[in-house]
$ cat model34.cif   # mmCIF, C-alpha atoms
data_data
loop_
_atom_site.label_atom_id
_atom_site.label_comp_id
_atom_site.auth_asym_id
_atom_site.auth_seq_id
_atom_site.Cartn_x
_atom_site.Cartn_y
_atom_site.Cartn_z
CA ALA A 1 -147.00 180.26 21.38
CA GLN A 2 -149.79 177.77 21.17
CA SER A 3 -153.54 178.26 21.38
CA VAL A 4 -156.55 175.98 21.42
CA THR A 5 -160.08 176.59 20.18
CA GLN A 6 -163.04 174.58 21.31
CA LEU A 7 -165.88 175.91 19.23
CA ASP A 8 -168.71 174.34 21.19
CA SER A 9 -169.16 175.49 24.76
CA GLN A 10 -172.08 173.14 25.37
CA VAL A 11 -173.09 169.92 23.66
CA PRO A 12 -176.32 168.17 24.67
CA VAL A 13 -176.76 164.65 23.33
CA PHE A 14 -179.14 161.80 24.00
CA GLU A 15 -177.93 158.66 25.71
CA GLU A 16 -176.49 156.06 23.31
CA ALA A 17 -176.12 158.64 20.53
CA PRO A 18 -172.71 159.45 19.04
CA VAL A 19 -170.87 162.64 19.92
CA GLU A 20 -167.98 164.68 18.57
CA LEU A 21 -166.30 167.43 20.56
CA ARG A 22 -164.24 169.67 18.34
CA CYS A 23 -160.75 170.97 19.04
CA ASN A 24 -158.50 173.01 16.79
CA TYR A 25 -155.07 174.25 17.74
CA SER A 26 -152.60 176.80 16.51
CA SER A 27 -148.87 176.37 16.85
CA SER A 28 -145.70 177.21 15.00
CA VAL A 29 -143.92 174.15 16.40
CA SER A 30 -144.62 170.47 16.77
CA VAL A 31 -147.05 169.71 19.56
CA TYR A 32 -148.41 167.16 21.96
CA LEU A 33 -152.19 167.06 22.26
CA PHE A 34 -154.38 166.09 25.19
CA TRP A 35 -157.99 165.72 26.22
CA TYR A 36 -158.81 166.12 29.89
CA VAL A 37 -162.18 165.43 31.53
CA GLN A 38 -163.59 167.17 34.58
CA TYR A 39 -166.52 165.50 36.28
CA PRO A 40 -168.76 167.68 38.46
CA ASN A 41 -166.94 169.03 41.50
CA GLN A 42 -163.75 167.16 40.69
CA GLY A 43 -160.31 167.92 39.33
CA LEU A 44 -159.06 167.19 35.83
CA GLN A 45 -158.26 163.69 34.68
CA LEU A 46 -156.34 162.80 31.57
CA LEU A 47 -158.62 161.12 29.06
CA LEU A 48 -156.17 160.51 26.22
CA LYS A 49 -153.10 161.99 24.61
CA TYR A 50 -151.28 162.11 21.32
CA LEU A 51 -147.51 162.15 21.54
CA SER A 52 -146.35 160.40 18.38
CA GLY A 53 -147.05 157.39 16.20
CA SER A 54 -150.60 156.45 15.26
CA THR A 55 -152.76 159.51 14.79
CA LEU A 56 -155.78 157.73 16.30
CA VAL A 57 -155.65 157.41 20.07
CA GLU A 58 -158.17 155.75 22.34
CA SER A 59 -159.20 155.91 25.97
CA ILE A 60 -160.25 153.03 28.18
CA ASN A 61 -163.87 154.22 28.33
CA GLY A 62 -164.58 154.28 24.60
CA PHE A 63 -163.50 157.77 23.56
CA GLU A 64 -161.11 158.29 20.68
CA ALA A 65 -159.42 161.27 19.09
CA GLU A 66 -157.60 161.68 15.83
CA PHE A 67 -154.70 164.00 15.24
CA ASN A 68 -155.07 165.73 11.89
CA LYS A 69 -151.99 167.79 11.18
CA SER A 70 -153.23 169.35 7.95
CA GLN A 71 -156.40 170.60 9.63
CA THR A 72 -154.67 171.24 12.97
CA SER A 73 -157.44 169.39 14.75
CA PHE A 74 -157.79 166.83 17.51
CA HIS A 75 -161.51 166.11 17.70
CA LEU A 76 -162.85 163.79 20.40
CA ARG A 77 -165.47 161.21 19.50
CA LYS A 78 -167.51 158.49 21.09
CA PRO A 79 -169.92 156.27 19.14
CA SER A 80 -172.41 155.81 22.00
CA VAL A 81 -172.45 158.01 25.09
CA HIS A 82 -173.61 157.11 28.60
CA ILE A 83 -175.11 159.23 31.34
CA SER A 84 -171.81 158.93 33.19
CA ASP A 85 -170.03 160.78 30.38
CA THR A 86 -171.69 164.01 31.47
CA ALA A 87 -168.73 166.27 32.25
CA GLU A 88 -166.66 169.14 30.97
CA TYR A 89 -163.97 168.27 28.45
CA PHE A 90 -160.85 170.29 27.85
CA CYS A 91 -158.51 170.05 24.91
CA ALA A 92 -154.91 171.07 25.58
CA VAL A 93 -151.68 171.47 23.63
CA SER A 94 -148.03 171.69 24.60
CA ASP A 95 -144.82 172.34 22.77
CA ARG A 96 -142.89 169.13 22.09
CA ARG A 97 -139.73 170.83 23.24
CA THR A 98 -141.13 171.31 26.75
CA GLY A 99 -143.12 168.09 26.83
CA ALA A 100 -146.42 168.06 28.69
CA ASN A 101 -145.30 170.98 30.78
CA ASN A 102 -146.80 174.39 30.03
CA LEU A 103 -150.14 173.17 28.80
CA PHE A 104 -152.39 175.59 26.90
CA PHE A 105 -156.05 174.76 27.41
CA GLY A 106 -159.14 175.45 25.39
CA THR A 107 -162.17 177.00 27.05
CA GLY A 108 -163.87 173.66 27.51
CA THR A 109 -166.97 171.88 26.20
CA ARG A 110 -169.69 170.87 28.60
CA LEU A 111 -171.16 167.55 27.47
CA THR A 112 -174.62 166.80 28.85
CA VAL A 113 -176.03 163.35 28.19
CA ILE A 114 -179.81 163.33 28.22
CA PRO A 115 -181.60 160.15 29.33
CA GLU B 1 -151.45 156.38 46.42
CA ALA B 2 -149.87 158.74 43.89
CA GLN B 3 -151.58 162.08 44.18
CA VAL B 4 -151.50 165.85 44.23
CA THR B 5 -153.10 167.38 47.30
CA GLN B 6 -154.28 170.94 47.84
CA ASN B 7 -155.37 172.73 50.96
CA PRO B 8 -157.74 174.24 51.70
CA ARG B 9 -160.35 172.95 49.27
CA TYR B 10 -162.64 175.90 49.92
CA LEU B 11 -161.76 179.35 51.19
CA ILE B 12 -163.71 182.56 51.65
CA THR B 13 -161.68 185.61 52.54
CA VAL B 14 -161.75 189.39 52.36
CA THR B 15 -159.89 191.80 50.16
CA GLY B 16 -156.32 192.39 51.25
CA LYS B 17 -155.94 189.51 53.69
CA LYS B 18 -152.88 187.49 52.74
CA LEU B 19 -153.45 183.80 52.11
CA THR B 20 -151.55 180.72 51.02
CA VAL B 21 -152.88 177.69 49.19
CA THR B 22 -150.65 174.68 49.66
CA CYS B 23 -149.89 172.04 47.06
CA SER B 24 -148.00 168.81 47.61
CA GLN B 25 -147.21 165.84 45.37
CA ASN B 26 -145.80 162.44 46.30
CA MET B 27 -144.66 161.35 42.84
CA ASN B 28 -141.21 162.92 42.91
CA HIS B 29 -142.06 165.09 39.92
CA GLU B 30 -139.71 167.92 39.06
CA TYR B 31 -142.37 169.96 37.29
CA MET B 32 -145.23 171.67 39.13
CA SER B 33 -147.63 174.41 38.15
CA TRP B 34 -150.68 176.42 39.17
CA TYR B 35 -153.75 177.15 37.06
CA ARG B 36 -156.91 179.09 37.60
CA GLN B 37 -160.19 178.07 36.02
CA ASP B 38 -162.85 180.63 35.19
CA PRO B 39 -166.13 180.13 33.32
CA GLY B 40 -165.71 180.61 29.60
CA LEU B 41 -161.94 181.00 29.89
CA GLY B 42 -160.83 177.44 30.58
CA LEU B 43 -157.65 176.94 32.57
CA ARG B 44 -154.91 179.53 32.50
CA GLN B 45 -151.46 178.98 33.89
CA ILE B 46 -150.37 181.26 36.73
CA TYR B 47 -146.85 180.05 37.55
CA TYR B 48 -144.79 176.96 36.97
CA SER B 49 -141.64 175.42 38.35
CA MET B 50 -139.23 173.17 36.48
CA ASN B 51 -137.37 172.18 39.65
CA VAL B 52 -136.47 173.28 43.16
CA GLU B 53 -135.71 177.01 43.33
CA VAL B 54 -136.70 177.44 39.67
CA THR B 55 -140.00 179.22 39.02
CA ASP B 56 -141.38 181.17 36.10
CA LYS B 57 -144.45 183.15 35.15
CA GLY B 58 -147.31 181.65 33.21
CA ASP B 59 -150.02 183.53 31.38
CA VAL B 60 -151.68 185.28 34.35
CA PRO B 61 -149.09 185.81 37.14
CA GLU B 62 -150.21 189.25 38.35
CA GLY B 63 -151.21 189.26 42.01
CA TYR B 64 -149.66 185.88 42.79
CA LYS B 65 -146.40 184.58 44.19
CA VAL B 66 -144.99 181.09 44.42
CA SER B 67 -142.01 179.38 45.97
CA ARG B 68 -140.35 176.01 45.44
CA LYS B 69 -138.05 175.27 48.35
CA GLU B 70 -138.72 171.53 48.30
CA LYS B 71 -139.45 169.22 45.42
CA ARG B 72 -142.80 168.04 46.75
CA ASN B 73 -144.33 171.43 47.69
CA PHE B 74 -145.38 174.39 45.57
CA PRO B 75 -147.49 176.88 47.55
CA LEU B 76 -149.45 179.68 45.90
CA ILE B 77 -149.42 182.96 47.76
CA LEU B 78 -151.82 185.85 47.38
CA GLU B 79 -150.27 188.77 49.22
CA SER B 80 -153.29 191.06 48.87
CA PRO B 81 -156.23 189.20 47.38
CA SER B 82 -158.80 191.08 45.32
CA PRO B 83 -162.29 190.06 44.15
CA ASN B 84 -161.03 189.38 40.61
CA GLN B 85 -158.99 186.53 42.06
CA THR B 86 -162.16 184.69 42.98
CA SER B 87 -161.69 181.48 41.03
CA LEU B 88 -161.10 177.75 41.08
CA TYR B 89 -157.40 176.97 41.43
CA PHE B 90 -155.65 173.80 40.40
CA CYS B 91 -152.17 172.62 41.19
CA ALA B 92 -150.50 170.09 38.91
CA SER B 93 -147.31 168.11 38.80
CA GLY B 94 -145.91 166.18 35.92
CA VAL B 95 -143.37 164.45 33.80
CA ALA B 96 -142.48 164.83 30.15
CA ASN B 97 -145.72 163.54 28.70
CA GLU B 98 -148.40 163.99 31.35
CA GLN B 99 -149.57 166.32 34.10
CA PHE B 100 -151.51 165.22 37.16
CA PHE B 101 -153.98 167.61 38.74
CA GLY B 102 -155.02 168.20 42.30
CA PRO B 103 -158.69 168.33 43.35
CA GLY B 104 -158.90 172.12 43.21
CA THR B 105 -159.32 174.99 45.66
CA ARG B 106 -162.36 177.20 45.32
CA LEU B 107 -161.44 180.69 46.48
CA THR B 108 -163.90 183.53 47.05
CA VAL B 109 -162.57 186.99 47.79
CA LEU B 110 -165.19 189.40 49.15
#
$ encode --input "model34.cif" --output "structure tokens"
Amino acid sequence: AQSVTQLDSQVPVFEEAPVELRCNYSSSVSVYLFWYVQYPNQGLQLLLKYLSGSTLVESINGFEAEFNKSQTSFHLRKPSVHISDTAEYFCAVSDRRTGANNLFFGTGTRLTVIP
Amino acid sequence: EAQVTQNPRYLITVTGKKLTVTCSQNMNHEYMSWYRQDPGLGLRQIYYSMNVEVTDKGDVPEGYKVSRKEKRNFPLILESPSPNQTSLYFCASGVANEQFFGPGTRLTVL
């Protein structure tokens, strides 16, 4: 079975500062990795995903995450955050054999961008 | 517009009164699932379905039922709701490398 650890439940950061949201996973098989974002009072939206190939993946709004197999991590980073990035971020993992089905989520990190 | 819809979006009920939360997707996905989201626990899978008439338990199935009679619909049934089922529920549908989530149903059981 897979599991995901998001060590930081809340991360406050000033506008235009960089941010890193940490995600570590545990799995005995090869995995797919995902970051989802949940804006206030909304559902989850896929931010980015790692399936194969380049270990650095990017989103359209400036976030990036790097798959590090040796450290079993998939940390999310952004060099300069905006007020609109305030949201809860969930890291998730799935078994490659089942694809993106049967996602295992972390407990989430609430990012608050301070003006 | 490709989407997953859930109804109702908000529901307050009392212990023991059977309820159904509907979920529908228009993307012709074979895979559908239900999650509940609780503070500090993230999202936990309740049930999932790989195709019509095929359902299986997730991590927290106790107290819930599902059915998959049609590809597009995957209702969640609470036969006898209890206060510990107060939560935010999400339906999702997907393909091999991505799941799409509905807007959520906030359920309160008094």
$ resolve_selection --input "model34.cif" --expression "the PyMOL selection byres ((chain A) within 10 of (chain B))" --output "PyMOL selection string"
chain A and resi 6+9+32-34+41-46+48-51+89-92+94+96-109
$ atom_distance --input "model34.cif" --atom1 "atom CA of Pro40 of chain A" --atom2 "atom CA of Val21 of chain B"
21.6 Å
$ axis_aligned_box --input "model34.cif" --around "segment 60-72 of chain A" --padding-each-side "4 Å" --output "lines of an AutoDock Vina configuration file"
center_x = -158.3
center_y = 162.1
center_z = 18.1
size_x = 20.6
size_y = 26.2
size_z = 28.4
$ residues_around --input "model34.cif" --residues "segment 78-85 of chain B" --least-positions-apart "6" --cutoff "7 Å" --atoms "only C-alpha atoms" --output "PDB file with C-alpha atoms, keeping the file's coordinate frame"
ATOM      1  CA  THR B  15    -159.890 191.800  50.160  1.00  0.00           C
ATOM      2  CA  GLY B  16    -156.320 192.390  51.250  1.00  0.00           C
ATOM      3  CA  LYS B  17    -155.940 189.510  53.690  1.00  0.00           C
ATOM      4  CA  LYS B  18    -152.880 187.490  52.740  1.00  0.00           C
ATOM      5  CA  LEU B  19    -153.450 183.800  52.110  1.00  0.00           C
ATOM      6  CA  THR B  20    -151.550 180.720  51.020  1.00  0.00           C
ATOM      7  CA  GLY B  63    -151.210 189.260  42.010  1.00  0.00           C
ATOM      8  CA  TYR B  64    -149.660 185.880  42.790  1.00  0.00           C
ATOM      9  CA  LYS B  65    -146.400 184.580  44.190  1.00  0.00           C
ATOM     10  CA  VAL B 109    -162.570 186.990  47.790  1.00  0.00           C
ATOM     11  CA  LEU B 110    -165.190 189.400  49.150  1.00  0.00           C
TER      12      LEU B 110
END
$ atom_distance --input "model34.cif" --atom1 "atom CA of Lys69 of chain A" --atom2 "atom CA of Leu111 of chain A"
25.2 Å
$ resolve_selection --input "model34.cif" --expression "the PyMOL selection byres ((chain A and resi 25) around 7)" --output "PDB file with C-alpha atoms, in the frame of the given file"
ATOM      1  CA  SER A   3    -153.540 178.260  21.380  1.00  0.00           C
ATOM      2  CA  VAL A   4    -156.550 175.980  21.420  1.00  0.00           C
ATOM      3  CA  THR A   5    -160.080 176.590  20.180  1.00  0.00           C
ATOM      4  CA  CYS A  23    -160.750 170.970  19.040  1.00  0.00           C
ATOM      5  CA  ASN A  24    -158.500 173.010  16.790  1.00  0.00           C
ATOM      6  CA  SER A  26    -152.600 176.800  16.510  1.00  0.00           C
ATOM      7  CA  SER A  27    -148.870 176.370  16.850  1.00  0.00           C
ATOM      8  CA  THR A  72    -154.670 171.240  12.970  1.00  0.00           C
ATOM      9  CA  SER A  73    -157.440 169.390  14.750  1.00  0.00           C
TER      10      SER A  73
END
$ atom_distance --input "model34.cif" --atom1 "atom CA of Ser67 of chain B" --atom2 "atom CA of Asp95 of chain A"
24.4 Å
$ resolve_selection --input "model34.cif" --expression "the PyMOL selection byres ((chain A and resi 54) around 12)" --output "JSON, numbers by chain"
{"A": [49, 50, 51, 52, 53, 55, 56, 57, 58, 64, 65, 66, 67, 68]}
$ closest_residue --input "model34.cif" --among "A:Val113, A:Ile60, A:Val29, A:Leu47" --to "Leu76 of chain A" --atoms "all atoms listed in the file"
A:Leu47
$ closest_atom_pairs --input "model34.cif" --of "segment 7-70 of chain A" --to "segment 78-88 of chain A" --cutoff "6 Å" --atoms "all atoms listed in the file" --output "Markdown table"
| residue | atom | partner | partner_atom | distance |
| --- | --- | --- | --- | --- |
| A:Glu15 | CA | A:His82 | CA | 5.4 |
| A:Glu16 | CA | A:Ser80 | CA | 4.3 |
| A:Ala17 | CA | A:Ser80 | CA | 4.9 |
| A:Pro18 | CA | A:Pro79 | CA | 4.2 |
| A:Val19 | CA | A:Lys78 | CA | 5.5 |
| A:Val37 | CA | A:Glu88 | CA | 5.8 |
| A:Gln38 | CA | A:Glu88 | CA | 5.1 |
| A:Tyr39 | CA | A:Ala87 | CA | 4.7 |
| A:Phe63 | CA | A:Lys78 | CA | 4.8 |
$ write_last_selection --input "model34.cif" --atoms "C-alpha atoms" --output "PDB file, in the frame of the given file"
ATOM      1  CA  GLU A  15    -177.930 158.660  25.710  1.00  0.00           C
ATOM      2  CA  GLU A  16    -176.490 156.060  23.310  1.00  0.00           C
ATOM      3  CA  ALA A  17    -176.120 158.640  20.530  1.00  0.00           C
ATOM      4  CA  PRO A  18    -172.710 159.450  19.040  1.00  0.00           C
ATOM      5  CA  VAL A  19    -170.870 162.640  19.920  1.00  0.00           C
ATOM      6  CA  VAL A  37    -162.180 165.430  31.530  1.00  0.00           C
ATOM      7  CA  GLN A  38    -163.590 167.170  34.580  1.00  0.00           C
ATOM      8  CA  TYR A  39    -166.520 165.500  36.280  1.00  0.00           C
ATOM      9  CA  PHE A  63    -163.500 157.770  23.560  1.00  0.00           C
TER      10      PHE A  63
END
$ closest_residue --input "model34.cif" --among "A:Gly62, A:Val11, A:Leu21, A:Phe74" --to "Ile114 of chain A" --atoms "only C-alpha atoms"
A:Val11
$ closest_residue --input "model34.cif" --among "B:Ile77, B:Met27, B:Ile12, B:Val4" --to "Glu62 of chain B" --atoms "all atoms listed in the file"
B:Ile77
$ closest_residue --input "model34.cif" --among "B:His29, B:Arg72, B:Arg9, B:Arg36" --to "Val60 of chain B" --atoms "all atoms listed in the file"
B:Arg36
$ build_atoms --input "model34.cif" --residues "segment 80-104 of chain A" --atoms "N, CA and C atoms" --output "mmCIF file, in the coordinates of the input"
data_model
loop_
_atom_site.group_PDB
_atom_site.id
_atom_site.type_symbol
_atom_site.label_atom_id
_atom_site.label_comp_id
_atom_site.auth_asym_id
_atom_site.auth_seq_id
_atom_site.Cartn_x
_atom_site.Cartn_y
_atom_site.Cartn_z
ATOM 1 N N SER A 80 -171.180 155.987 21.227
ATOM 2 C CA SER A 80 -172.410 155.810 22.000
ATOM 3 C C SER A 80 -172.146 156.304 23.421
ATOM 4 N N VAL A 81 -172.769 157.414 23.792
ATOM 5 C CA VAL A 81 -172.450 158.010 25.090
ATOM 6 C C VAL A 81 -173.368 157.456 26.193
ATOM 7 N N HIS A 82 -172.864 157.543 27.421
ATOM 8 C CA HIS A 82 -173.610 157.110 28.600
ATOM 9 C C HIS A 82 -173.851 158.316 29.505
ATOM 10 N N ILE A 83 -174.806 158.163 30.387
ATOM 11 C CA ILE A 83 -175.110 159.230 31.340
ATOM 12 C C ILE A 83 -173.843 159.639 32.093
ATOM 13 N N SER A 84 -173.022 158.671 32.409
ATOM 14 C CA SER A 84 -171.810 158.930 33.190
ATOM 15 C C SER A 84 -170.760 159.742 32.436
ATOM 16 N N ASP A 85 -170.966 159.962 31.157
ATOM 17 C CA ASP A 85 -170.030 160.780 30.380
ATOM 18 C C ASP A 85 -170.304 162.269 30.537
ATOM 19 N N THR A 86 -171.383 162.605 31.216
ATOM 20 C CA THR A 86 -171.690 164.010 31.470
ATOM 21 C C THR A 86 -170.550 164.640 32.261
ATOM 22 N N ALA A 87 -169.925 165.656 31.659
ATOM 23 C CA ALA A 87 -168.730 166.270 32.250
ATOM 24 C C ALA A 87 -168.311 167.433 31.371
ATOM 25 N N GLU A 88 -167.264 168.116 31.820
ATOM 26 C CA GLU A 88 -166.660 169.140 30.970
ATOM 27 C C GLU A 88 -165.355 168.577 30.413
ATOM 28 N N TYR A 89 -165.129 168.827 29.143
ATOM 29 C CA TYR A 89 -163.970 168.270 28.450
ATOM 30 C C TYR A 89 -163.092 169.403 27.946
ATOM 31 N N PHE A 90 -161.807 169.265 28.243
ATOM 32 C CA PHE A 90 -160.850 170.290 27.850
ATOM 33 C C PHE A 90 -159.810 169.705 26.916
ATOM 34 N N CYS A 91 -159.592 170.384 25.821
ATOM 35 C CA CYS A 91 -158.510 170.050 24.910
ATOM 36 C C CYS A 91 -157.296 170.903 25.301
ATOM 37 N N ALA A 92 -156.108 170.334 25.203
ATOM 38 C CA ALA A 92 -154.910 171.070 25.580
ATOM 39 C C ALA A 92 -153.761 170.729 24.644
ATOM 40 N N VAL A 93 -152.831 171.656 24.513
ATOM 41 C CA VAL A 93 -151.680 171.470 23.630
ATOM 42 C C VAL A 93 -150.423 171.900 24.371
ATOM 43 N N SER A 94 -149.319 171.244 24.058
ATOM 44 C CA SER A 94 -148.030 171.690 24.600
ATOM 45 C C SER A 94 -146.976 171.581 23.517
ATOM 46 N N ASP A 95 -145.954 172.334 23.687
ATOM 47 C CA ASP A 95 -144.820 172.340 22.770
ATOM 48 C C ASP A 95 -144.016 171.061 22.990
ATOM 49 N N ARG A 96 -143.687 170.350 21.947
ATOM 50 C CA ARG A 96 -142.890 169.130 22.090
ATOM 51 C C ARG A 96 -141.564 169.392 22.794
ATOM 52 N N ARG A 97 -141.022 170.547 22.632
ATOM 53 C CA ARG A 97 -139.730 170.830 23.240
ATOM 54 C C ARG A 97 -139.828 170.845 24.761
ATOM 55 N N THR A 98 -140.963 171.261 25.299
ATOM 56 C CA THR A 98 -141.130 171.310 26.750
ATOM 57 C C THR A 98 -141.945 170.135 27.276
ATOM 58 N N GLY A 99 -142.340 169.244 26.403
ATOM 59 C CA GLY A 99 -143.120 168.090 26.830
ATOM 60 C C GLY A 99 -144.514 168.500 27.261
ATOM 61 N N ALA A 100 -145.059 167.775 28.237
ATOM 62 C CA ALA A 100 -146.420 168.060 28.690
ATOM 63 C C ALA A 100 -146.455 169.215 29.664
ATOM 64 N N ASN A 101 -145.310 169.796 29.947
ATOM 65 C CA ASN A 101 -145.300 170.980 30.780
ATOM 66 C C ASN A 101 -145.859 172.157 29.992
ATOM 67 N N ASN A 102 -146.292 173.176 30.682
ATOM 68 C CA ASN A 102 -146.800 174.390 30.030
ATOM 69 C C ASN A 102 -147.932 174.074 29.067
ATOM 70 N N LEU A 103 -148.969 173.476 29.594
ATOM 71 C CA LEU A 103 -150.140 173.170 28.800
ATOM 72 C C LEU A 103 -150.940 174.437 28.511
ATOM 73 N N PHE A 104 -151.457 174.524 27.274
ATOM 74 C CA PHE A 104 -152.390 175.590 26.900
ATOM 75 C C PHE A 104 -153.744 174.930 26.687
#
